[in-house]
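Student: The structure file data_32.cif (mmCIF, C-alpha atoms) is provided below.
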```
data_final
loop_
_atom_site.label_atom_id
_atom_site.label_comp_id
_atom_site.auth_asym_id
_atom_site.auth_seq_id
_atom_site.Cartn_x
_atom_site.Cartn_y
_atom_site.Cartn_z
CA MET A 1 -0.13 16.38 -16.88
CA ILE A 2 -1.72 15.07 -13.70
CA GLU A 3 -4.18 12.17 -13.96
CA ARG A 4 -6.50 11.51 -11.04
CA LYS A 5 -8.01 8.01 -10.99
CA GLU A 6 -11.17 6.92 -9.18
CA MET A 7 -11.60 10.43 -7.80
CA LYS A 8 -14.08 11.20 -5.04
CA GLN A 9 -14.72 14.44 -3.18
CA ARG A 10 -11.98 13.87 -0.61
CA MET A 11 -9.36 11.90 -2.53
CA SER A 12 -8.33 9.93 -5.58
CA ARG A 13 -7.40 6.23 -5.30
CA ALA A 14 -4.40 6.95 -7.53
CA VAL A 15 -2.70 9.99 -9.00
CA ILE A 16 -0.23 9.74 -11.88
CA HIS A 17 2.27 12.48 -12.66
CA ASN A 18 5.51 12.29 -14.68
CA ASP A 19 5.43 8.48 -14.86
CA THR A 20 5.02 8.18 -11.11
CA ILE A 21 1.93 6.71 -9.48
CA TYR A 22 0.84 7.73 -6.00
CA LEU A 23 -1.67 5.44 -4.28
CA CYS A 24 -3.93 6.60 -1.50
CA GLY A 25 -3.75 4.68 1.75
CA GLN A 26 -4.86 1.07 1.37
CA VAL A 27 -6.34 -1.01 4.17
CA ALA A 28 -7.52 -4.60 4.53
CA LYS A 29 -10.47 -5.95 2.58
CA ASP A 30 -11.85 -7.40 5.85
CA SER A 31 -10.94 -5.49 8.97
CA THR A 32 -12.26 -8.23 11.28
CA LYS A 33 -9.23 -10.43 10.50
CA ASP A 34 -5.86 -10.58 12.28
CA ILE A 35 -2.74 -8.62 11.30
CA THR A 36 -1.50 -11.34 8.92
CA GLU A 37 -4.74 -11.46 6.93
CA GLN A 38 -5.20 -7.68 7.02
CA THR A 39 -1.67 -7.19 5.68
CA ALA A 40 -2.13 -9.79 2.94
CA THR A 41 -5.42 -8.36 1.66
CA MET A 42 -4.13 -4.80 1.91
CA LEU A 43 -1.20 -5.78 -0.33
CA GLU A 44 -3.61 -7.51 -2.75
CA LYS A 45 -5.34 -4.14 -3.16
CA VAL A 46 -1.98 -2.49 -3.84
CA ASP A 47 -1.27 -5.12 -6.51
CA GLU A 48 -4.65 -4.46 -8.15
CA LEU A 49 -4.18 -0.71 -8.26
CA LEU A 50 -0.61 -0.88 -9.51
CA ASN A 51 -1.65 -3.33 -12.23
CA ASN A 52 -4.63 -1.18 -13.22
CA TYR A 53 -2.49 1.90 -13.68
CA GLY A 54 0.66 0.59 -15.34
CA SER A 55 2.95 -0.55 -12.57
CA ASP A 56 3.78 -3.51 -10.35
CA ARG A 57 5.40 -4.35 -7.02
CA GLU A 58 8.87 -4.49 -8.59
CA SER A 59 8.47 -0.79 -9.45
CA ILE A 60 7.56 0.47 -5.98
CA LEU A 61 9.80 3.39 -5.08
CA SER A 62 8.54 4.11 -1.58
CA ALA A 63 6.12 2.65 0.94
CA THR A 64 4.89 4.08 4.21
CA ILE A 65 3.23 1.57 6.50
CA TYR A 66 1.05 2.66 9.40
CA ILE A 67 0.58 -0.02 12.04
CA LYS A 68 -1.78 0.22 14.99
CA THR A 69 0.66 -1.41 17.39
CA MET A 70 4.29 -2.39 17.05
CA ASP A 71 3.31 -5.63 18.80
CA ASP A 72 2.20 -6.73 15.29
CA PHE A 73 5.40 -5.59 13.55
CA ALA A 74 6.99 -9.04 13.11
CA GLU A 75 3.80 -10.64 11.75
CA MET A 76 3.22 -7.75 9.33
CA ASN A 77 6.86 -7.94 8.18
CA ALA A 78 6.57 -11.69 7.53
CA VAL A 79 3.77 -11.03 5.03
CA TRP A 80 5.61 -8.04 3.53
CA ASP A 81 8.85 -10.00 3.14
CA ASN A 82 7.04 -12.75 1.21
CA TRP A 83 5.21 -10.19 -0.96
CA ILE A 84 8.03 -7.87 -2.04
CA PRO A 85 10.18 -9.41 -4.80
CA GLU A 86 13.76 -10.15 -3.80
CA GLY A 87 16.07 -7.38 -4.99
CA HIS A 88 13.21 -4.86 -5.30
CA ALA A 89 12.81 -3.55 -1.75
CA PRO A 90 11.61 0.07 -1.87
CA ALA A 91 12.49 2.87 0.49
CA ARG A 92 10.18 2.17 3.41
CA ALA A 93 9.01 3.65 6.67
CA CYS A 94 6.81 2.02 9.27
CA VAL A 95 5.20 4.00 12.05
CA GLU A 96 2.81 3.21 14.86
CA ALA A 97 -0.35 5.24 14.32
CA SER A 98 -3.96 5.66 15.35
CA MET A 99 -6.24 4.29 12.65
CA ALA A 100 -9.31 5.90 11.10
CA ARG A 101 -11.41 2.94 12.32
CA GLU A 102 -10.76 1.01 15.54
CA GLU A 103 -10.70 -2.42 13.87
CA LEU A 104 -8.01 -1.50 11.31
CA LEU A 105 -4.56 -2.81 12.19
CA VAL A 106 -2.48 -1.65 9.21
CA GLU A 107 -2.51 0.79 6.29
CA ILE A 108 -0.04 1.46 3.49
CA SER A 109 0.69 4.36 1.16
CA VAL A 110 2.72 3.57 -1.96
CA ILE A 111 4.62 5.53 -4.63
CA ALA A 112 5.70 3.58 -7.73
CA ALA A 113 7.14 4.13 -11.18
CA VAL A 114 4.79 3.68 -14.12
CA THR A 115 6.41 1.01 -16.29
CA ARG A 116 3.76 0.56 -18.98
CA LYS A 117 1.04 2.70 -20.49
#
```
What does the file become when written as structure tokens?
Tutor:
Amino acid sequence: MIERKEMKQRMSRAVIHNDTIYLCGQVAKDSTKDITEQTATMLEKVDELLNNYGSDRESILSATIYIKTMDDFAEMNAVWDNWIPEGHAPARACVEASMAREELLVEISVIAAVTRK
């Protein structure tokens, strides 16, 4: 069974299939902030979605991070490193990418195991 959560015409915020949750791309709550704040609030949104749908950051299997410029890589990683629990680092990719809106500096797509129902 496939469950689509918070579905709109173009996408769902989360899709659950076979005890795996797929989150759509998450961006900062306030795109006027710097890379550190954008990364922190983006990860807060990931936490909220994972919690809402039966998972948590310790259960992240894979993360793909899209960053506007690699000049911000170290600052983004500092926030990431403090957010991800020690011993629970997922498979991860980080690529420099054009963003959907000019002011966005970072976006993340996450796949996680569902650990509670």
Student: Excluding range 56-71 of chain A and any residue of its chain fewer than 6 positions from it, enumerate the residues within 7 Å of it, using all atoms listed in the file, and give them as a ChimeraX atom specification.
Tutor: /A:47,50,84-85,88,90-99,105-113
Student: Hey, what comes out of the PyMOL selection byres ((chain A and resi 5) around 10) on this file? Could you write it as a list in words?
Tutor: Ile2, Glu3, Arg4, Glu6, Met7, Lys8, Met11, Ser12, Arg13, Ala14, Val15, Ile16, Leu23, Leu49 and Tyr53 of chain A
Student: Neighbouring residues of Glu103 in chain A were defined as those with any atom within 9 Å, considering all atoms listed in the file; residues of the same chain fewer than 4 positions away were excluded. Please report them as an mmCIF file with C-alpha atoms, keeping the file's coordinate frame.
Tutor:
```
data_model
loop_
_atom_site.group_PDB
_atom_site.id
_atom_site.type_symbol
_atom_site.label_atom_id
_atom_site.label_comp_id
_atom_site.auth_asym_id
_atom_site.auth_seq_id
_atom_site.Cartn_x
_atom_site.Cartn_y
_atom_site.Cartn_z
ATOM 1 C CA SER A 31 -10.940 -5.490 8.970
ATOM 2 C CA THR A 32 -12.260 -8.230 11.280
ATOM 3 C CA LYS A 33 -9.230 -10.430 10.500
ATOM 4 C CA MET A 99 -6.240 4.290 12.650
#
```
Student: Run the PyMOL selection byres ((chain A and resi 79) around 12) on the file and write out the hits as a ChimeraX atom specification.
Tutor: /A:35-44,72-78,80-85
Student: Hey, can you check how far CA of Ser55 in chain A sits from CA of Val114 in chain A?
Tutor: 4.9 Å
Student: Would you work out the distance separating CA of Asn18 in chain A from CA of Lys45 in chain A, expressed in Å to one decimal?
Tutor: 22.8 Å
Student: Please determine, counting all atoms listed in the file, which residue among A:Val46, A:Asn51, A:His17, A:Gly87 has the shortest atom-to-atom distance to Lys29 in chain A.
Tutor: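 The answer is A:Val46, which sits nearest to Lys29 in chain A.
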Student: Do you have the CA of Asp34 in chain A-CA of Glu48 in chain A distance handy?
Tutor: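 Taking CA of Asp34 in chain A and CA of Glu48 in chain A, their separation equals 21.4 Å.
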Student: Which one of A:Glu102, A:Arg10, A:Gly54, A:Thr20 sits closest to Lys117 in chain A if you count only C-alpha atoms?
Tutor: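 Going through A:Glu102, A:Arg10, A:Gly54, A:Thr20 one by one, the smallest distance to Lys117 in chain A is for A:Gly54.
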Student: Which centre and edge lengths in Å to one decimal define the box along x, y and z that fits every listed atom of range 16-26 of chain A plus 4 Å per side, as AutoDock Vina command-line options?
Tutor:
```
--center_x 0.3 --center_y 6.8 --center_z -6.6 --size_x 18.4 --size_y 19.4 --size_z 24.6
```
